[in-house]
Each structure stands twice: as C-alpha cells, then as structure tokens.
$ cat structure.cif   # mmCIF, C-alpha atoms
data_entry
#
loop_
_atom_site.group_PDB
_atom_site.id
_atom_site.type_symbol
_atom_site.label_atom_id
_atom_site.label_comp_id
_atom_site.auth_asym_id
_atom_site.auth_seq_id
_atom_site.Cartn_x
_atom_site.Cartn_y
_atom_site.Cartn_z
ATOM 1 C CA MET Z 738 32.030 -25.070 38.195
ATOM 2 C CA VAL Z 739 31.420 -23.167 34.960
ATOM 3 C CA SER Z 740 33.792 -24.161 32.136
ATOM 4 C CA TYR Z 741 34.848 -21.654 29.503
ATOM 5 C CA SER Z 742 37.008 -24.133 27.594
ATOM 6 C CA ALA Z 743 34.213 -26.694 27.094
ATOM 7 C CA PRO Z 744 30.979 -24.852 27.894
ATOM 8 C CA THR Z 745 27.622 -26.559 28.078
ATOM 9 C CA ALA Z 746 24.182 -25.027 27.646
ATOM 10 C CA PRO Z 747 21.795 -26.004 30.418
ATOM 11 C CA THR Z 748 18.073 -26.515 29.822
ATOM 12 C CA LEU Z 749 15.108 -26.294 32.171
ATOM 13 C CA PRO Z 750 13.261 -29.480 33.182
ATOM 14 C CA ASN Z 751 9.728 -28.054 32.810
ATOM 15 C CA PRO Z 752 9.827 -24.597 31.226
ATOM 16 C CA VAL Z 753 6.637 -22.527 30.972
ATOM 17 C CA GLY Z 754 5.679 -19.282 29.255
ATOM 18 C CA LEU Z 755 8.576 -17.366 27.744
ATOM 19 C CA ASP Z 756 11.081 -19.886 29.118
ATOM 20 C CA ALA Z 757 9.335 -22.672 27.148
ATOM 21 C CA LYS Z 758 9.476 -20.679 23.901
ATOM 22 C CA ILE Z 759 13.114 -19.730 24.440
ATOM 23 C CA GLN Z 760 14.049 -23.337 25.120
ATOM 24 C CA GLN Z 761 12.165 -24.484 21.995
ATOM 25 C CA VAL Z 762 14.236 -22.050 19.894
ATOM 26 C CA GLN Z 763 17.471 -22.932 21.756
ATOM 27 C CA LEU Z 764 17.008 -26.656 21.033
ATOM 28 C CA ALA Z 765 15.904 -26.082 17.415
ATOM 29 C CA LEU Z 766 19.051 -24.049 16.757
ATOM 30 C CA ALA Z 767 21.243 -26.718 18.382
ATOM 31 C CA ALA Z 768 19.619 -29.481 16.319
ATOM 32 C CA GLY Z 769 19.417 -27.579 13.026
ATOM 33 C CA LEU Z 770 22.841 -25.920 12.850
ATOM 34 C CA PRO Z 771 25.730 -28.398 12.881
ATOM 35 C CA TRP Z 772 28.272 -25.554 13.073
ATOM 36 C CA LEU Z 773 26.723 -24.144 16.281
ATOM 37 C CA ALA Z 774 28.837 -25.584 19.104
ATOM 38 C CA VAL Z 775 26.830 -24.127 22.016
ATOM 39 C CA SER Z 776 23.213 -22.930 21.902
ATOM 40 C CA TYR Z 777 22.446 -21.135 25.154
ATOM 41 C CA GLY Z 778 18.953 -20.282 26.287
ATOM 42 C CA LYS Z 779 17.877 -17.129 28.101
ATOM 43 C CA ALA Z 780 20.573 -14.570 28.845
ATOM 44 C CA TYR Z 781 20.424 -11.856 31.489
ATOM 45 C CA ARG Z 782 22.220 -8.517 31.691
ATOM 46 C CA GLY Z 783 25.029 -8.894 34.184
ATOM 47 C CA SER Z 784 27.408 -6.217 35.423
ATOM 48 C CA ARG Z 785 30.725 -5.881 37.194
ATOM 49 C CA SER Z 786 33.251 -3.163 37.931
ATOM 50 C CA VAL Z 787 36.377 -3.072 35.764
ATOM 51 C CA ASN Z 788 38.899 -0.290 36.452
ATOM 52 C CA SER Z 789 36.271 1.671 38.427
ATOM 53 C CA LYS Z 790 33.844 1.473 35.499
ATOM 54 C CA THR Z 791 30.668 -0.605 35.347
ATOM 55 C CA VAL Z 792 30.615 -2.945 32.374
ATOM 56 C CA TYR Z 793 27.577 -4.900 31.222
ATOM 57 C CA PHE Z 794 27.635 -8.328 29.646
ATOM 58 C CA PRO Z 795 25.203 -11.094 28.693
ATOM 59 C CA GLU Z 796 25.192 -14.027 31.084
ATOM 60 C CA VAL Z 797 23.273 -17.277 31.372
ATOM 61 C CA TYR Z 798 22.363 -19.114 34.543
ATOM 62 C CA HIS Z 799 24.405 -22.289 34.671
ATOM 63 C CA ALA Z 800 23.487 -24.061 37.920
ATOM 64 C CA ALA Z 801 23.999 -23.930 41.671
ATOM 65 C CA GLY Z 802 23.934 -20.126 41.730
ATOM 66 C CA GLU Z 803 26.595 -19.795 39.023
ATOM 67 C CA TYR Z 804 26.298 -17.608 35.955
ATOM 68 C CA ARG Z 805 28.485 -17.664 32.869
ATOM 69 C CA ASP Z 806 29.115 -14.674 30.654
ATOM 70 C CA VAL Z 807 28.462 -15.383 26.975
ATOM 71 C CA LEU Z 808 30.559 -12.680 25.366
ATOM 72 C CA PRO Z 809 32.815 -13.907 22.529
ATOM 73 C CA ASN Z 810 34.744 -16.991 23.618
ATOM 74 C CA ASP Z 811 37.532 -18.214 21.359
ATOM 75 C CA ASN Z 812 37.309 -21.695 22.907
ATOM 76 C CA VAL Z 813 34.180 -22.501 20.850
ATOM 77 C CA GLN Z 814 33.675 -22.321 17.106
ATOM 78 C CA ALA Z 815 30.192 -20.790 17.435
ATOM 79 C CA GLN Z 816 27.698 -19.922 20.138
ATOM 80 C CA SER Z 817 24.304 -18.296 20.477
ATOM 81 C CA PHE Z 818 22.055 -16.972 23.228
ATOM 82 C CA LEU Z 819 18.561 -15.496 23.468
ATOM 83 C CA TYR Z 820 18.069 -12.150 25.183
ATOM 84 C CA PRO Z 821 14.452 -11.168 25.986
ATOM 85 C CA LYS Z 822 13.624 -7.489 26.379
ATOM 86 C CA ASP Z 823 10.880 -5.980 28.515
ATOM 87 C CA PRO Z 824 8.009 -5.409 28.402
ATOM 88 C CA ALA Z 825 5.786 -8.313 27.441
ATOM 89 C CA SER Z 826 2.618 -6.918 25.874
ATOM 90 C CA ASN Z 827 -0.830 -8.447 26.224
ATOM 91 C CA LEU Z 828 -2.381 -8.731 22.757
ATOM 92 C CA ALA Z 829 -5.955 -9.372 23.916
ATOM 93 C CA ASP Z 830 -8.664 -6.771 23.401
ATOM 94 C CA GLU Z 831 -10.641 -8.131 26.353
ATOM 95 C CA PRO Z 832 -9.520 -9.940 29.505
ATOM 96 C CA SER Z 833 -9.975 -13.702 29.749
ATOM 97 C CA PRO Z 834 -9.907 -15.754 32.961
ATOM 98 C CA VAL Z 835 -8.347 -18.784 31.221
ATOM 99 C CA SER Z 836 -5.994 -17.448 28.565
ATOM 100 C CA MET Z 837 -3.666 -14.559 27.877
ATOM 101 C CA ARG Z 838 -1.643 -13.908 24.751
ATOM 102 C CA PHE Z 839 1.582 -11.936 25.029
ATOM 103 C CA THR Z 840 4.248 -10.780 22.625
ATOM 104 C CA VAL Z 841 7.846 -10.336 23.767
ATOM 105 C CA SER Z 842 10.775 -8.922 21.828
ATOM 106 C CA VAL Z 843 13.713 -11.355 21.935
ATOM 107 C CA ASP Z 844 17.144 -10.940 20.378
ATOM 108 C CA ILE Z 845 19.028 -14.035 19.232
ATOM 109 C CA VAL Z 846 22.756 -13.350 19.198
ATOM 110 C CA PHE Z 847 25.330 -15.443 17.330
ATOM 111 C CA TRP Z 848 29.108 -15.225 17.509
ATOM 112 C CA TYR Z 849 31.468 -17.522 15.605
ATOM 113 C CA ASN Z 850 34.894 -18.254 14.185
ATOM 114 C CA LEU Z 851 34.598 -18.682 10.410
ATOM 115 C CA GLU Z 852 37.935 -20.498 10.080
ATOM 116 C CA ARG Z 853 36.863 -23.143 12.582
ATOM 117 C CA ILE Z 854 33.453 -23.612 10.970
ATOM 118 C CA ASP Z 855 34.837 -24.191 7.465
ATOM 119 C CA PRO Z 856 38.583 -23.725 6.937
ATOM 120 C CA ALA Z 857 38.207 -24.458 3.195
ATOM 121 C CA LYS Z 858 36.293 -21.212 2.632
ATOM 122 C CA THR Z 859 38.677 -18.298 2.138
ATOM 123 C CA TYR Z 860 35.950 -15.640 2.152
ATOM 124 C CA ARG Z 861 33.511 -14.271 4.717
ATOM 125 C CA PHE Z 862 30.411 -16.430 4.635
ATOM 126 C CA ASP Z 863 28.448 -14.757 7.426
ATOM 127 C CA GLN Z 864 25.372 -14.385 5.227
ATOM 128 C CA GLU Z 865 25.354 -18.126 4.513
ATOM 129 C CA LEU Z 866 25.251 -18.786 8.258
ATOM 130 C CA LYS Z 867 22.496 -16.212 8.734
ATOM 131 C CA ARG Z 868 20.450 -17.833 5.953
ATOM 132 C CA GLU Z 869 20.742 -21.213 7.723
ATOM 133 C CA VAL Z 870 19.573 -19.648 11.005
ATOM 134 C CA LEU Z 871 16.617 -17.965 9.304
ATOM 135 C CA GLN Z 872 15.665 -21.297 7.709
ATOM 136 C CA VAL Z 873 15.581 -22.946 11.150
ATOM 137 C CA LEU Z 874 13.553 -20.073 12.628
ATOM 138 C CA SER Z 875 11.068 -20.119 9.734
ATOM 139 C CA ARG Z 876 10.093 -23.691 10.662
ATOM 140 C CA LEU Z 877 9.084 -22.618 14.171
ATOM 141 C CA GLY Z 878 5.700 -21.161 14.959
ATOM 142 C CA GLY Z 879 5.050 -18.291 17.316
ATOM 143 C CA LEU Z 880 7.879 -16.010 16.280
ATOM 144 C CA LEU Z 881 8.301 -13.235 13.776
ATOM 145 C CA VAL Z 882 11.732 -12.057 12.623
ATOM 146 C CA ARG Z 883 11.755 -8.235 12.677
ATOM 147 C CA LYS Z 884 15.361 -7.142 12.001
ATOM 148 C CA THR Z 885 18.903 -8.422 11.638
ATOM 149 C CA TYR Z 886 22.141 -6.672 12.619
ATOM 150 C CA ASP Z 887 25.722 -7.402 11.576
ATOM 151 C CA SER Z 888 28.115 -4.842 13.123
ATOM 152 C CA ALA Z 889 29.707 -5.787 16.463
ATOM 153 C CA ASP Z 890 28.309 -2.633 18.101
ATOM 154 C CA GLU Z 891 24.787 -3.640 17.066
ATOM 155 C CA VAL Z 892 25.215 -7.355 17.735
ATOM 156 C CA PHE Z 893 26.143 -6.628 21.344
ATOM 157 C CA ARG Z 894 24.031 -3.460 21.822
ATOM 158 C CA GLY Z 895 23.338 -2.910 25.508
ATOM 159 C CA PHE Z 896 26.510 -4.697 26.550
ATOM 160 C CA SER Z 897 30.073 -3.453 27.031
ATOM 161 C CA LEU Z 898 32.729 -4.730 24.668
ATOM 162 C CA ASP Z 899 35.531 -3.196 26.765
ATOM 163 C CA THR Z 900 36.557 -6.589 28.150
ATOM 164 C CA VAL Z 901 36.541 -8.337 24.745
ATOM 165 C CA ALA Z 902 39.852 -8.544 22.913
ATOM 166 C CA PRO Z 903 39.610 -6.413 19.739
ATOM 167 C CA GLN Z 904 40.725 -9.310 17.541
ATOM 168 C CA CYS Z 905 37.639 -11.284 18.681
ATOM 169 C CA LEU Z 906 35.507 -8.804 16.734
ATOM 170 C CA ARG Z 907 37.356 -9.060 13.385
ATOM 171 C CA GLN Z 908 38.213 -11.735 10.814
ATOM 172 C CA PRO Z 909 38.003 -14.705 11.291
ATOM 173 C CA TYR Z 910 35.364 -13.890 13.914
ATOM 174 C CA GLY Z 911 31.905 -12.602 13.195
ATOM 175 C CA GLY Z 912 28.441 -12.336 14.579
ATOM 176 C CA PHE Z 913 24.905 -11.185 13.996
ATOM 177 C CA ARG Z 914 21.770 -10.463 15.983
ATOM 178 C CA ILE Z 915 18.260 -11.346 14.926
ATOM 179 C CA SER Z 916 15.431 -9.400 16.593
ATOM 180 C CA CYS Z 917 12.196 -11.352 16.862
ATOM 181 C CA ASP Z 918 8.770 -11.041 18.390
ATOM 182 C CA PHE Z 919 7.755 -14.185 20.267
ATOM 183 C CA THR Z 920 4.031 -14.814 20.693
ATOM 184 C CA LEU Z 921 3.094 -16.658 23.858
ATOM 185 C CA ASP Z 922 -0.394 -18.167 23.948
ATOM 186 C CA ASN Z 923 -2.260 -19.426 26.982
ATOM 187 C CA VAL Z 924 0.222 -18.298 29.588
ATOM 188 C CA LEU Z 925 -2.346 -19.086 32.308
ATOM 189 C CA CYS Z 926 -2.638 -22.783 31.411
#

$ encode --input "structure.cif" --output "structure tokens"
Amino acid sequence: MVSYSAPTAPTLPNPVGLDAKIQQVQLALAAGLPWLAVSYGKAYRGSRSVNSKTVYFPEVYHAAGEYRDVLPNDNVQAQSFLYPKDPASNLADEPSPVSMRFTVSVDIVFWYNLERIDPAKTYRFDQELKREVLQVLSRLGGLLVRKTYDSADEVFRGFSLDTVAPQCLRQPYGGFRISCDFTLDNVLC
C-alpha cells in the first residue's frame, strides 16, 4: 500500500541506461541534501478524471502495480522527482555496433515547506536551497544544467494544479524545477 503520510522512494535493483542515471541523481540528492525528506526517481505523467475534466499529475511507480502521485504533499518537509522528456537523441555522427551515446532532457522538480526545513529563518530562502541542489548536481558527471524555474506554473508545467490546495503553492511552501540534459554513454553495453 502506498503511504502519503510517510512516503518512501523506491529504487531499482539493477538500473540500466536512463534509469541508471536517474537513480544516480536520485541517490546523490538524498545523500547530499539533509533537508530533502524524499528523493523520488523517475516520474511518469499520470491522468485521471476530476469533475468530468482530465487532470494530469506526476506519479512514480511504487511497487506491485501501484503508483503514487508526487504533487505537493504537506506530510513531508521536502520532496523531489525526476521527469524525463522525449525524445532521446543519438549524439553519434556514425553508427557503432557496440556503443551509442544519447542525450535526454530531464526535469528535476523540488517542492518543500520552508518552515519545516528551518523554522529559525523568517525569510524565503528558496535560493539557498537551489544553490545546495546545484552544488550536488555539479559533482555528478554526465549532466548539464540548462535552466531553472521558480513559479508554481513553471515548476509543474505539463501537470494540472487543479487538485492541489492553493495554500500549498504559497508561503511557507515553495518549489523549483531544474532542466538538465543527461548524457548516456554506452547504452548497448
């Protein structure tokens, strides 16, 4: 059963290709950011009907056929997920029978409660959190940070915020999205 009050972030036993890179980033974020309560891996675009309208939300595969949506959750102080976007592009000029190099655009989305992270700070310190994330990402190879976004509409672009309580998008809550290019080498090995 998926828990929203005490969520866990599953990992794959033997990830390959994009899944391996996503899990590397997922685990680096979990290890390098003490304020990040849950670091999810790859998210998918889920949908459901709400009041005869289709809404879209990010979801992660949990286990045993269960998915969990990873929209803002006020049960955790901070969470993140990685959302890959198609297509993956082959960077090689000529084909190789033993190696292929791809680049994939991946968004890393963070959502948090500033008061739970540091109640002593009486100001918005979103940029401090973003700096810490960028420091963790800069230590990883195979990814290039392209852009960052701060407004809720941009952080959750492609997803519906209709089902999120409006107060979850304002002080003390916050979020940002970091758009990266992941380079995947030797996807055939």

$ resolve_selection --input "structure.cif" --expression "the PyMOL selection byres ((chain Z and resi 882) around 10)" --output "PyMOL selection string"
chain Z and resi 842-844+871+874-875+880-881+883-885+915-919

$ write_last_selection --input "structure.cif" --atoms "C-alpha atoms" --output "PDB file, in the coordinates of the input"
ATOM      1  CA  SER Z 842      10.775  -8.922  21.828  1.00  0.00           C
ATOM      2  CA  VAL Z 843      13.713 -11.355  21.935  1.00  0.00           C
ATOM      3  CA  ASP Z 844      17.144 -10.940  20.378  1.00  0.00           C
ATOM      4  CA  LEU Z 871      16.617 -17.965   9.304  1.00  0.00           C
ATOM      5  CA  LEU Z 874      13.553 -20.073  12.628  1.00  0.00           C
ATOM      6  CA  SER Z 875      11.068 -20.119   9.734  1.00  0.00           C
ATOM      7  CA  LEU Z 880       7.879 -16.010  16.280  1.00  0.00           C
ATOM      8  CA  LEU Z 881       8.301 -13.235  13.776  1.00  0.00           C
ATOM      9  CA  ARG Z 883      11.755  -8.235  12.677  1.00  0.00           C
ATOM     10  CA  LYS Z 884      15.361  -7.142  12.001  1.00  0.00           C
ATOM     11  CA  THR Z 885      18.903  -8.422  11.638  1.00  0.00           C
ATOM     12  CA  ILE Z 915      18.260 -11.346  14.926  1.00  0.00           C
ATOM     13  CA  SER Z 916      15.431  -9.400  16.593  1.00  0.00           C
ATOM     14  CA  CYS Z 917      12.196 -11.352  16.862  1.00  0.00           C
ATOM     15  CA  ASP Z 918       8.770 -11.041  18.390  1.00  0.00           C
ATOM     16  CA  PHE Z 919       7.755 -14.185  20.267  1.00  0.00           C
TER      17      PHE Z 919
END

$ atom_distance --input "structure.cif" --atom1 "CA of Gly878 in chain Z" --atom2 "CA of Leu770 in chain Z"
17.9 Å

$ residues_around --input "structure.cif" --residues "range 799-816 of chain Z" --least-positions-apart "6" --cutoff "10 Å" --atoms "only C-alpha atoms" --output "tab-separated table (two decimals) with C-alpha atoms, keeping the file's coordinate frame"
chain	number	residue	atom	x	y	z
Z	738	MET	CA	32.03	-25.07	38.20
Z	739	VAL	CA	31.42	-23.17	34.96
Z	740	SER	CA	33.79	-24.16	32.14
Z	741	TYR	CA	34.85	-21.65	29.50
Z	742	SER	CA	37.01	-24.13	27.59
Z	743	ALA	CA	34.21	-26.69	27.09
Z	744	PRO	CA	30.98	-24.85	27.89
Z	745	THR	CA	27.62	-26.56	28.08
Z	746	ALA	CA	24.18	-25.03	27.65
Z	747	PRO	CA	21.80	-26.00	30.42
Z	748	THR	CA	18.07	-26.52	29.82
Z	767	ALA	CA	21.24	-26.72	18.38
Z	771	PRO	CA	25.73	-28.40	12.88
Z	772	TRP	CA	28.27	-25.55	13.07
Z	773	LEU	CA	26.72	-24.14	16.28
Z	774	ALA	CA	28.84	-25.58	19.10
Z	775	VAL	CA	26.83	-24.13	22.02
Z	776	SER	CA	23.21	-22.93	21.90
Z	777	TYR	CA	22.45	-21.14	25.15
Z	780	ALA	CA	20.57	-14.57	28.84
Z	781	TYR	CA	20.42	-11.86	31.49
Z	782	ARG	CA	22.22	-8.52	31.69
Z	783	GLY	CA	25.03	-8.89	34.18
Z	784	SER	CA	27.41	-6.22	35.42
Z	793	TYR	CA	27.58	-4.90	31.22
Z	846	VAL	CA	22.76	-13.35	19.20
Z	847	PHE	CA	25.33	-15.44	17.33
Z	848	TRP	CA	29.11	-15.22	17.51
Z	849	TYR	CA	31.47	-17.52	15.60
Z	850	ASN	CA	34.89	-18.25	14.18
Z	851	LEU	CA	34.60	-18.68	10.41
Z	852	GLU	CA	37.94	-20.50	10.08
Z	853	ARG	CA	36.86	-23.14	12.58
Z	854	ILE	CA	33.45	-23.61	10.97
Z	855	ASP	CA	34.84	-24.19	7.46
Z	893	PHE	CA	26.14	-6.63	21.34
Z	896	PHE	CA	26.51	-4.70	26.55
Z	897	SER	CA	30.07	-3.45	27.03
Z	898	LEU	CA	32.73	-4.73	24.67
Z	900	THR	CA	36.56	-6.59	28.15
Z	901	VAL	CA	36.54	-8.34	24.74
Z	902	ALA	CA	39.85	-8.54	22.91
Z	905	CYS	CA	37.64	-11.28	18.68
Z	906	LEU	CA	35.51	-8.80	16.73
Z	910	TYR	CA	35.36	-13.89	13.91
Z	911	GLY	CA	31.90	-12.60	13.20
Z	912	GLY	CA	28.44	-12.34	14.58

$ resolve_selection --input "structure.cif" --expression "the PyMOL selection byres ((chain Z and resi 755) around 9)" --output "PyMOL selection string"
chain Z and resi 752-754+756-760+821+841+919-921+924

$ atom_distance --input "structure.cif" --atom1 "CA of Phe839 in chain Z" --atom2 "CA of Val892 in chain Z"
25.2 Å

$ decode --input "structure.cif" --residues "range 801-915 of chain Z" --atoms "C-alpha atoms" --output "PDB file, in the first residue's frame"
ATOM      1  CA  ALA Z 801       3.165  -4.261  -7.051  1.00  0.00           C
ATOM      2  CA  GLY Z 802       1.404  -2.263  -9.767  1.00  0.00           C
ATOM      3  CA  GLU Z 803       0.872   0.775  -7.529  1.00  0.00           C
ATOM      4  CA  TYR Z 804       1.732   4.333  -8.473  1.00  0.00           C
ATOM      5  CA  ARG Z 805       1.919   7.339  -6.185  1.00  0.00           C
ATOM      6  CA  ASP Z 806       1.293  10.894  -7.288  1.00  0.00           C
ATOM      7  CA  VAL Z 807       4.085  13.275  -6.289  1.00  0.00           C
ATOM      8  CA  LEU Z 808       2.241  16.575  -6.366  1.00  0.00           C
ATOM      9  CA  PRO Z 809       2.790  18.765  -3.277  1.00  0.00           C
ATOM     10  CA  ASN Z 810       2.292  16.729  -0.110  1.00  0.00           C
ATOM     11  CA  ASP Z 811       2.154  18.600   3.184  1.00  0.00           C
ATOM     12  CA  ASN Z 812       3.088  15.418   5.072  1.00  0.00           C
ATOM     13  CA  VAL Z 813       6.764  15.804   4.070  1.00  0.00           C
ATOM     14  CA  GLN Z 814       9.075  18.758   4.562  1.00  0.00           C
ATOM     15  CA  ALA Z 815      10.606  18.412   1.081  1.00  0.00           C
ATOM     16  CA  GLN Z 816      10.464  16.072  -1.881  1.00  0.00           C
ATOM     17  CA  SER Z 817      11.883  15.794  -5.373  1.00  0.00           C
ATOM     18  CA  PHE Z 818      11.332  13.726  -8.503  1.00  0.00           C
ATOM     19  CA  LEU Z 819      12.945  13.419 -11.931  1.00  0.00           C
ATOM     20  CA  TYR Z 820      10.791  13.736 -15.035  1.00  0.00           C
ATOM     21  CA  PRO Z 821      12.413  12.679 -18.344  1.00  0.00           C
ATOM     22  CA  LYS Z 822      11.059  14.143 -21.568  1.00  0.00           C
ATOM     23  CA  ASP Z 823      11.101  12.538 -25.001  1.00  0.00           C
ATOM     24  CA  PRO Z 824      12.895  12.185 -27.290  1.00  0.00           C
ATOM     25  CA  ALA Z 825      16.322  10.795 -26.501  1.00  0.00           C
ATOM     26  CA  SER Z 826      18.732  11.972 -29.192  1.00  0.00           C
ATOM     27  CA  ASN Z 827      21.656   9.960 -30.517  1.00  0.00           C
ATOM     28  CA  LEU Z 828      24.758  12.167 -30.470  1.00  0.00           C
ATOM     29  CA  ALA Z 829      26.915   9.958 -32.705  1.00  0.00           C
ATOM     30  CA  ASP Z 830      27.868  11.070 -36.202  1.00  0.00           C
ATOM     31  CA  GLU Z 831      28.269   7.458 -37.327  1.00  0.00           C
ATOM     32  CA  PRO Z 832      26.613   4.254 -36.118  1.00  0.00           C
ATOM     33  CA  SER Z 833      28.553   1.900 -33.855  1.00  0.00           C
ATOM     34  CA  PRO Z 834      27.710  -1.758 -33.196  1.00  0.00           C
ATOM     35  CA  VAL Z 835      28.987  -1.603 -29.592  1.00  0.00           C
ATOM     36  CA  SER Z 836      28.174   1.858 -28.275  1.00  0.00           C
ATOM     37  CA  MET Z 837      25.580   4.583 -28.563  1.00  0.00           C
ATOM     38  CA  ARG Z 838      25.572   7.962 -26.867  1.00  0.00           C
ATOM     39  CA  PHE Z 839      22.255   9.654 -26.162  1.00  0.00           C
ATOM     40  CA  THR Z 840      21.171  12.899 -24.574  1.00  0.00           C
ATOM     41  CA  VAL Z 841      17.836  13.171 -22.772  1.00  0.00           C
ATOM     42  CA  SER Z 842      16.194  16.253 -21.308  1.00  0.00           C
ATOM     43  CA  VAL Z 843      15.225  15.619 -17.672  1.00  0.00           C
ATOM     44  CA  ASP Z 844      13.491  17.986 -15.272  1.00  0.00           C
ATOM     45  CA  ILE Z 845      14.248  17.715 -11.558  1.00  0.00           C
ATOM     46  CA  VAL Z 846      11.351  19.091  -9.537  1.00  0.00           C
ATOM     47  CA  PHE Z 847      11.554  20.122  -5.877  1.00  0.00           C
ATOM     48  CA  TRP Z 848       8.725  21.087  -3.551  1.00  0.00           C
ATOM     49  CA  TYR Z 849       9.191  21.980   0.118  1.00  0.00           C
ATOM     50  CA  ASN Z 850       7.921  23.614   3.280  1.00  0.00           C
ATOM     51  CA  LEU Z 851      10.387  26.318   4.346  1.00  0.00           C
ATOM     52  CA  GLU Z 852       9.090  26.472   7.929  1.00  0.00           C
ATOM     53  CA  ARG Z 853       9.706  22.759   8.421  1.00  0.00           C
ATOM     54  CA  ILE Z 854      13.179  22.899   6.883  1.00  0.00           C
ATOM     55  CA  ASP Z 855      14.396  25.745   9.107  1.00  0.00           C
ATOM     56  CA  PRO Z 856      11.858  27.401  11.419  1.00  0.00           C
ATOM     57  CA  ALA Z 857      14.503  29.892  12.636  1.00  0.00           C
ATOM     58  CA  LYS Z 858      14.628  31.600   9.232  1.00  0.00           C
ATOM     59  CA  THR Z 859      11.878  34.199   8.915  1.00  0.00           C
ATOM     60  CA  TYR Z 860      12.530  34.915   5.232  1.00  0.00           C
ATOM     61  CA  ARG Z 861      12.191  32.971   1.991  1.00  0.00           C
ATOM     62  CA  PHE Z 862      15.401  31.053   1.449  1.00  0.00           C
ATOM     63  CA  ASP Z 863      14.465  29.217  -1.744  1.00  0.00           C
ATOM     64  CA  GLN Z 864      17.633  30.368  -3.499  1.00  0.00           C
ATOM     65  CA  GLU Z 865      19.780  28.906  -0.714  1.00  0.00           C
ATOM     66  CA  LEU Z 866      18.117  25.531  -1.278  1.00  0.00           C
ATOM     67  CA  LYS Z 867      18.575  25.825  -5.039  1.00  0.00           C
ATOM     68  CA  ARG Z 868      22.272  26.630  -4.563  1.00  0.00           C
ATOM     69  CA  GLU Z 869      22.681  23.461  -2.458  1.00  0.00           C
ATOM     70  CA  VAL Z 870      20.975  21.382  -5.171  1.00  0.00           C
ATOM     71  CA  LEU Z 871      23.176  22.879  -7.888  1.00  0.00           C
ATOM     72  CA  GLN Z 872      26.263  22.096  -5.788  1.00  0.00           C
ATOM     73  CA  VAL Z 873      25.214  18.433  -5.571  1.00  0.00           C
ATOM     74  CA  LEU Z 874      24.479  18.279  -9.311  1.00  0.00           C
ATOM     75  CA  SER Z 875      27.809  19.913 -10.200  1.00  0.00           C
ATOM     76  CA  ARG Z 876      29.650  16.980  -8.592  1.00  0.00           C
ATOM     77  CA  LEU Z 877      27.938  14.496 -10.912  1.00  0.00           C
ATOM     78  CA  GLY Z 878      29.184  13.770 -14.393  1.00  0.00           C
ATOM     79  CA  GLY Z 879      27.012  13.274 -17.434  1.00  0.00           C
ATOM     80  CA  LEU Z 880      24.543  16.080 -16.873  1.00  0.00           C
ATOM     81  CA  LEU Z 881      24.321  19.694 -17.891  1.00  0.00           C
ATOM     82  CA  VAL Z 882      22.011  22.153 -16.128  1.00  0.00           C
ATOM     83  CA  ARG Z 883      20.182  24.188 -18.797  1.00  0.00           C
ATOM     84  CA  LYS Z 884      17.530  26.265 -16.979  1.00  0.00           C
ATOM     85  CA  THR Z 885      15.858  26.789 -13.625  1.00  0.00           C
ATOM     86  CA  TYR Z 886      12.252  27.804 -12.935  1.00  0.00           C
ATOM     87  CA  ASP Z 887      10.669  29.178  -9.765  1.00  0.00           C
ATOM     88  CA  SER Z 888       6.964  29.958 -10.351  1.00  0.00           C
ATOM     89  CA  ALA Z 889       4.475  27.197  -9.479  1.00  0.00           C
ATOM     90  CA  ASP Z 890       3.084  27.233 -13.036  1.00  0.00           C
ATOM     91  CA  GLU Z 891       6.570  26.590 -14.421  1.00  0.00           C
ATOM     92  CA  VAL Z 892       7.641  24.154 -11.709  1.00  0.00           C
ATOM     93  CA  PHE Z 893       4.686  21.910 -12.519  1.00  0.00           C
ATOM     94  CA  ARG Z 894       4.419  22.693 -16.266  1.00  0.00           C
ATOM     95  CA  GLY Z 895       2.634  19.867 -18.055  1.00  0.00           C
ATOM     96  CA  PHE Z 896       0.691  18.897 -14.953  1.00  0.00           C
ATOM     97  CA  SER Z 897      -2.633  20.121 -13.563  1.00  0.00           C
ATOM     98  CA  LEU Z 898      -2.598  22.011 -10.294  1.00  0.00           C
ATOM     99  CA  ASP Z 899      -6.409  21.903 -10.028  1.00  0.00           C
ATOM    100  CA  THR Z 900      -6.295  19.227  -7.325  1.00  0.00           C
ATOM    101  CA  VAL Z 901      -3.611  20.993  -5.246  1.00  0.00           C
ATOM    102  CA  ALA Z 902      -4.821  23.211  -2.420  1.00  0.00           C
ATOM    103  CA  PRO Z 903      -3.915  26.836  -3.261  1.00  0.00           C
ATOM    104  CA  GLN Z 904      -2.142  27.313   0.070  1.00  0.00           C
ATOM    105  CA  CYS Z 905       0.306  24.524  -0.904  1.00  0.00           C
ATOM    106  CA  LEU Z 906       1.695  26.864  -3.564  1.00  0.00           C
ATOM    107  CA  ARG Z 907       2.355  29.884  -1.295  1.00  0.00           C
ATOM    108  CA  GLN Z 908       4.408  30.710   1.804  1.00  0.00           C
ATOM    109  CA  PRO Z 909       5.679  28.664   3.617  1.00  0.00           C
ATOM    110  CA  TYR Z 910       5.706  26.321   0.615  1.00  0.00           C
ATOM    111  CA  GLY Z 911       7.906  26.686  -2.413  1.00  0.00           C
ATOM    112  CA  GLY Z 912       9.439  24.818  -5.268  1.00  0.00           C
ATOM    113  CA  PHE Z 913      11.683  24.981  -8.285  1.00  0.00           C
ATOM    114  CA  ARG Z 914      12.445  22.964 -11.393  1.00  0.00           C
ATOM    115  CA  ILE Z 915      15.878  22.410 -12.851  1.00  0.00           C
TER     116      ILE Z 915
END
